[in-house]
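A quick write-up on the structure given underneath.
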Number of protein chains: 2
Amino acid sequence: MTQLKNDLFLRACRKEKIERTPIWIMRQAGRYLPEYRAVREKADFLKMCKTPELAAEVTLQPIDIIGVDAAIIFSDILVIPEAMGMHLEMHEGKGPVFPSPIRTEADLNSLKNIDPTSDLKYVLDAVSLTKKELDGKVPLIGFSGSPWTLLTYMVEGGGSKNFSNVKKMIYNNPKLAHSILEKLSDAISVYLSAKIEAGANAVQIFDTWGGILSQEDFEEFSLQYIERIISNIKRENEPVIFFPKGVHSNLDKVANCGADVLGLDWTMDLGKVRELVGDKVALQGNMDPTVLYGDVEVIKDRALKQCNHMEMEVVIFLILGHGILPDIKPAHAKALVDFVKENSQQFHL
Amino acid sequence: MTQLKNDLFLRACRKEKIERTPIWIMRQAGRYLPEYRAVREKADFLKMCKTPELAAEVTLQPIDIIGVDAAIIFSDILVIPEAMGMHLEMHEGKGPVFPSPIRTEADLNSLKNIDPTSDLKYVLDAVSLTKKELDGKVPLIGFSGSPWTLLTYMVEGGGSKNFSNVKKMIYNNPKLAHSILEKLSDAISVYLSAKIEAGANAVQIFDTWGGILSQEDFEEFSLQYIERIISNIKRENEPVIFFPKGVHSNLDKVANCGADVLGLDWTMDLGKVRELVGDKVALQGNMDPTVLYGDVEVIKDRALKQCNHMEMEVVIFLILGHGILPDIKPAHAKALVDFVKENSQQFHL
């Protein structure tokens, strides 16, 4: 195994001593980069996900261009339902669509149990290839959607505003919802284990839609499956990051799910969260992605406040809360990364 | 002045003794009611807002049909920017559009200071007429958007996903943002004062988009203007409700804004919020509006849990967190209201 030249990110996840705050950016391999758009012109989104060479190429771009401290494999959370047998379409501007959503017991039975080494071989190949090409420069993060988040897409048939169909299911047929969530949890556990096996140094579980649930429903339909997945993932010391976007209540319970790191969005008060969760988990910080619309001086000012906050939090690292937006100037992203690298040492003495 | 026959809602707002939990539903005068759709067929949305007879008619509908404990005047938060001189269009399915958004100092200077008694006379007439027709049955609530929420629509030119333009403004030209917010605060203060003068028994300020800001930005660009408005509203004992949707951090500070009642959405843990804010304010509760997609037994089960929670919270009342959805069965809304009326006494002994 190649020795990592920069393992700051992994040490931060494990709450070990770090010399400065590591930084990566959600959706760092994305449309804001002209180099990404050049690849995207040659292949559609799903084709990119399914072609290991292309996935590896865009995964590596921000490492050199922006200088982030971790790579995150280019992929999509919906590859799992697709591998289970659902037909997936990506509509430009509209997002993902499952023309035949899951609404009944019969629909559930049509979903197959996946074997990632065959059904999602293209992701694992992308991980291995990226890992090789990274040559130990920075760690590689693998990811999955949470069972609840995948369920919303599978039941709604795509993105949704009010989540009427999945809410109807959890209220009127919770048994069916739980059966699908169990099947998804098993798939996600083997999928993340296989990613680690293929070379991922850490894995992140995105619960993008956990925040639309009341606390009671969040615990029943999301959190318990996160716990199950984390305890089932086969790993040595690869950290697990849980990012329950928009979940604000009972974070002390959430922090007990077994994850090493809790990801937070920009609306959270880091100090209050640390007070609440104690030192159970590392906290993954939370700049508002729209700060990058600001002038470079504004970006530096905000970044300094984040880094300062981090010192108080002992060990956390910087991430944009939701994901970098397509019309952000790459120079602004680079200015942020450079600034954090140069100015965060003072908070880690 | 007509004596109120049912003043439960107002007593709950003032944290006085109540016999049972009062209930009203956000967007209770809305598309889920066939009686509303019948009116809507005759007039478009803005025409309904601007015709006092129609606004009064739909405002009264849920009082008789659903049996809620308060009426809320049918109107829209964007009547203020329109009265200031912005051309407003309502696009079916797409929502509100301002074809000429506010982005520069010159745009700001084009906005006039409003006199509600002339510029928004139709709203005040609708309030007076509704008050008269209510004949003391239940209290009447008036409302306004918060300065921050209005600013987002005025700068973006309508609804938005990432709020790029308004975020650019607060980062790169905060002075301009503050100038517009000041102008809006003055307009909202006189507008809500005029609504009370016209007969509103309580007013609610909706900060629909406060939750997209970091805490620091929320305090700077939203909360300070709420404080200013509340201290400027001319009122006797009419309660002010502040509903900062999606704002979860630092609620103790938020509860200090001068409002009598803090509105919460369904993702909040009421017990934790009460712990945090003490008995400074009444809390306006927070059922998930999608619970009404559930069968009647599910609705009752959830309602009972809410009411129980309320007893713990001493004085609060039930509201759906965000607003009733257009495809909810009216019978489900009625079942909820009936159930709360019949089963919440036990928690107010």
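A note on labels: chains of the structure tokens are A, B, ... as shown, every chain counts residues from 1, and ligands are counted from 1 in their shown order.
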Proximity check chain A to chain B, 8 Å, nearest pairs one decimal Å, only C-alpha atoms, as a tab-separated table:
residue	atom	partner	partner_atom	distance
A:Asn162	CA	B:Thr290	CA	7.9
A:Ser164	CA	B:Thr290	CA	6.7
A:Lys167	CA	B:Thr290	CA	6.4
A:Lys168	CA	B:Tyr293	CA	5.5
A:Tyr171	CA	B:Gly294	CA	5.3
A:Asn172	CA	B:Gly294	CA	5.6
A:Gly211	CA	B:Thr267	CA	7.0
A:Ile212	CA	B:Thr267	CA	6.9
A:Leu213	CA	B:Thr267	CA	6.1
A:Ser214	CA	B:Thr267	CA	4.4
A:Gln215	CA	B:Thr267	CA	6.0
A:Val247	CA	B:Thr267	CA	7.7
A:His248	CA	B:His248	CA	6.4
A:Ser249	CA	B:Asp269	CA	6.0
A:Asn250	CA	B:Asp269	CA	7.6
A:Trp266	CA	B:Ser214	CA	5.6
A:Thr267	CA	B:Ser214	CA	4.4
A:Met268	CA	B:Ser249	CA	6.1
A:Asp269	CA	B:Ser249	CA	6.0
A:Asp288	CA	B:Ser214	CA	7.0
A:Thr290	CA	B:Lys167	CA	6.4
A:Val291	CA	B:Tyr171	CA	7.1
A:Tyr293	CA	B:Lys168	CA	5.6
A:Gly294	CA	B:Tyr171	CA	5.3
A:Asp295	CA	B:Asn172	CA	6.4
A:Val298	CA	B:Tyr171	CA	6.7
Could you tell me, as a PyMOL selection string, which residues of stretch 154-330 of chain A DSSP assigns to helix (DSSP H, G or I) when given the backbone? chain A and resi 154-156+164-172+174-198+210-212+215-232+251-254+270-277+289-293+296-312+330
Excluding same-chain residues fewer than 4 positions from A:Ser179, what lies within 10 Å of it counting only C-alpha atoms, as a list in words? Glu105, Leu108, Asn109, Pro174, Lys175, Lys183, Leu184 and Ser185 of chain A
Excluding A:Ser160 and residues on its chain fewer than 6 positions from it, collect all residues at most 12 Å away from it, counting only C-alpha atoms, and give them as a PyMOL selection string. chain A and resi 94-97+149+151-154+166-167+209+212
Quick one: write out the picked residues with N, CA and C atoms as a PDB file, in the first residue's frame?
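again-v6.pdb, freshly written:
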ATOM      1  N   LYS A  94     -33.720  18.914 -14.645  1.00  0.00           N
ATOM      2  CA  LYS A  94     -34.828  18.443 -13.804  1.00  0.00           C
ATOM      3  C   LYS A  94     -34.344  17.473 -12.732  1.00  0.00           C
ATOM      4  N   GLY A  95     -33.185  16.854 -12.995  1.00  0.00           N
ATOM      5  CA  GLY A  95     -32.666  15.918 -12.021  1.00  0.00           C
ATOM      6  C   GLY A  95     -33.052  14.480 -12.340  1.00  0.00           C
ATOM      7  N   PRO A  96     -32.843  13.590 -11.347  1.00  0.00           N
ATOM      8  CA  PRO A  96     -33.050  12.158 -11.575  1.00  0.00           C
ATOM      9  C   PRO A  96     -34.532  11.787 -11.635  1.00  0.00           C
ATOM     10  N   VAL A  97     -34.865  10.819 -12.453  1.00  0.00           N
ATOM     11  CA  VAL A  97     -36.243  10.326 -12.552  1.00  0.00           C
ATOM     12  C   VAL A  97     -36.240   8.792 -12.564  1.00  0.00           C
ATOM     13  N   THR A 149     -32.886   8.582   2.520  1.00  0.00           N
ATOM     14  CA  THR A 149     -32.761   9.469   1.364  1.00  0.00           C
ATOM     15  C   THR A 149     -32.994   8.701   0.065  1.00  0.00           C
ATOM     16  N   LEU A 151     -34.798   6.021  -0.204  1.00  0.00           N
ATOM     17  CA  LEU A 151     -36.236   5.685  -0.215  1.00  0.00           C
ATOM     18  C   LEU A 151     -37.062   6.835  -0.796  1.00  0.00           C
ATOM     19  N   THR A 152     -36.744   8.076  -0.408  1.00  0.00           N
ATOM     20  CA  THR A 152     -37.544   9.209  -0.908  1.00  0.00           C
ATOM     21  C   THR A 152     -37.514   9.245  -2.440  1.00  0.00           C
ATOM     22  N   TYR A 153     -36.327   9.067  -3.027  1.00  0.00           N
ATOM     23  CA  TYR A 153     -36.247   9.097  -4.490  1.00  0.00           C
ATOM     24  C   TYR A 153     -36.990   7.912  -5.110  1.00  0.00           C
ATOM     25  N   MET A 154     -36.857   6.741  -4.487  1.00  0.00           N
ATOM     26  CA  MET A 154     -37.454   5.529  -5.056  1.00  0.00           C
ATOM     27  C   MET A 154     -38.977   5.568  -4.995  1.00  0.00           C
ATOM     28  N   VAL A 166     -43.869   9.436  -0.148  1.00  0.00           N
ATOM     29  CA  VAL A 166     -43.097   8.711   0.864  1.00  0.00           C
ATOM     30  C   VAL A 166     -43.676   8.986   2.254  1.00  0.00           C
ATOM     31  N   LYS A 167     -44.227  10.172   2.455  1.00  0.00           N
ATOM     32  CA  LYS A 167     -44.865  10.460   3.745  1.00  0.00           C
ATOM     33  C   LYS A 167     -46.126   9.605   3.893  1.00  0.00           C
ATOM     34  N   TRP A 209     -32.146  14.065   2.942  1.00  0.00           N
ATOM     35  CA  TRP A 209     -33.549  14.388   3.253  1.00  0.00           C
ATOM     36  C   TRP A 209     -33.977  14.000   4.662  1.00  0.00           C
ATOM     37  N   ILE A 212     -36.389  16.549   6.537  1.00  0.00           N
ATOM     38  CA  ILE A 212     -37.818  16.788   6.291  1.00  0.00           C
ATOM     39  C   ILE A 212     -38.688  16.005   7.264  1.00  0.00           C
TER      40      ILE A 212
END
Just asking: which residues within stretch 61-278 of chain B are strand (DSSP E) according to DSSP, as a list in words?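 Filtering stretch 61-278 of chain B down to strand (DSSP E) leaves Ala71, Ile72, Glu89, Met90, His91, Gly95, Pro96, Val97, Leu140, Ile141, Gly142, Phe143, Ser144, Gly145, Ala202, Val203, Gln204, Ile205, Phe206, Val240, Ile241, Phe242, Phe243, Val261, Leu262 and Gly263 of chain B.
Residues lying within 9 Å of A:Pro101, counting only C-alpha atoms and ignoring same-chain neighbours fewer than 2 positions away, are A:Met86, A:Val97, A:Phe98, A:Pro99, A:Arg103, A:Asp107, A:Tyr153, A:Met154, A:Val155, A:Glu156, A:Gly157, A:Gly158.
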With a distance cut-off of 8 Å and only C-alpha atoms, select the neighbouring residues of B:Ala83, excluding the residue or stretch itself and same-chain residues fewer than 2 positions from it, and output the selection as a ChimeraX atom specification. /B:79-81,85-86,114,119-120
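The coordinates place atom CA of B:Leu88 at 12.4 Å from atom CA of B:Gly159.
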If you count only C-alpha atoms, which residues fall within 7 Å of A:Phe243, apart from same-chain ones fewer than 3 positions away, as a ChimeraX atom specification? /A:205-207,262-264
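When only C-alpha atoms are used to measure the gap to B:Lys329, the shortest distance among B:Ile196, B:Leu33, B:Leu223, B:Leu111 belongs to B:Leu33.
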Atom CA of B:Pro116 to atom CA of B:Ala255, straight-line distance in Å: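 According to the coordinates, atom CA of B:Ala255 and atom CA of B:Pro116 are separated by 28.3 Å.
Minimum atom-to-atom distance to A:Thr21, evaluated using only C-alpha atoms, belongs to A:Gln284 out of A:Gln284, A:Lys161, A:Lys195, A:Asp301.
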Residue nearest A:Met26 - candidates A:Asn343, A:Ser118, A:Gln204, A:Thr130, atoms counted: only C-alpha atoms: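 For A:Met26, the nearest of the given residues is A:Gln204.
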Just checking: using only C-alpha atoms, which residue out of B:Gly199, B:His309, B:Gly30, B:Ala333 ends up closest to B:Glu133?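 Ranked by minimum distance to B:Glu133, first place goes to B:Gly199.
If only C-alpha atoms are the atoms counted, then among B:Lys253, B:Lys341, B:Arg235, B:Arg228 the closest residue to B:Asp69 is B:Lys341.
Straight-line separation from atom CA of B:Asp7 to atom CA of B:Glu19: 10.9 Å.
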Quick one: of A:Pro22, A:Gln61, A:His348, A:Gly142, who's nearest to A:Ala38, counting only C-alpha atoms? A:Gln61
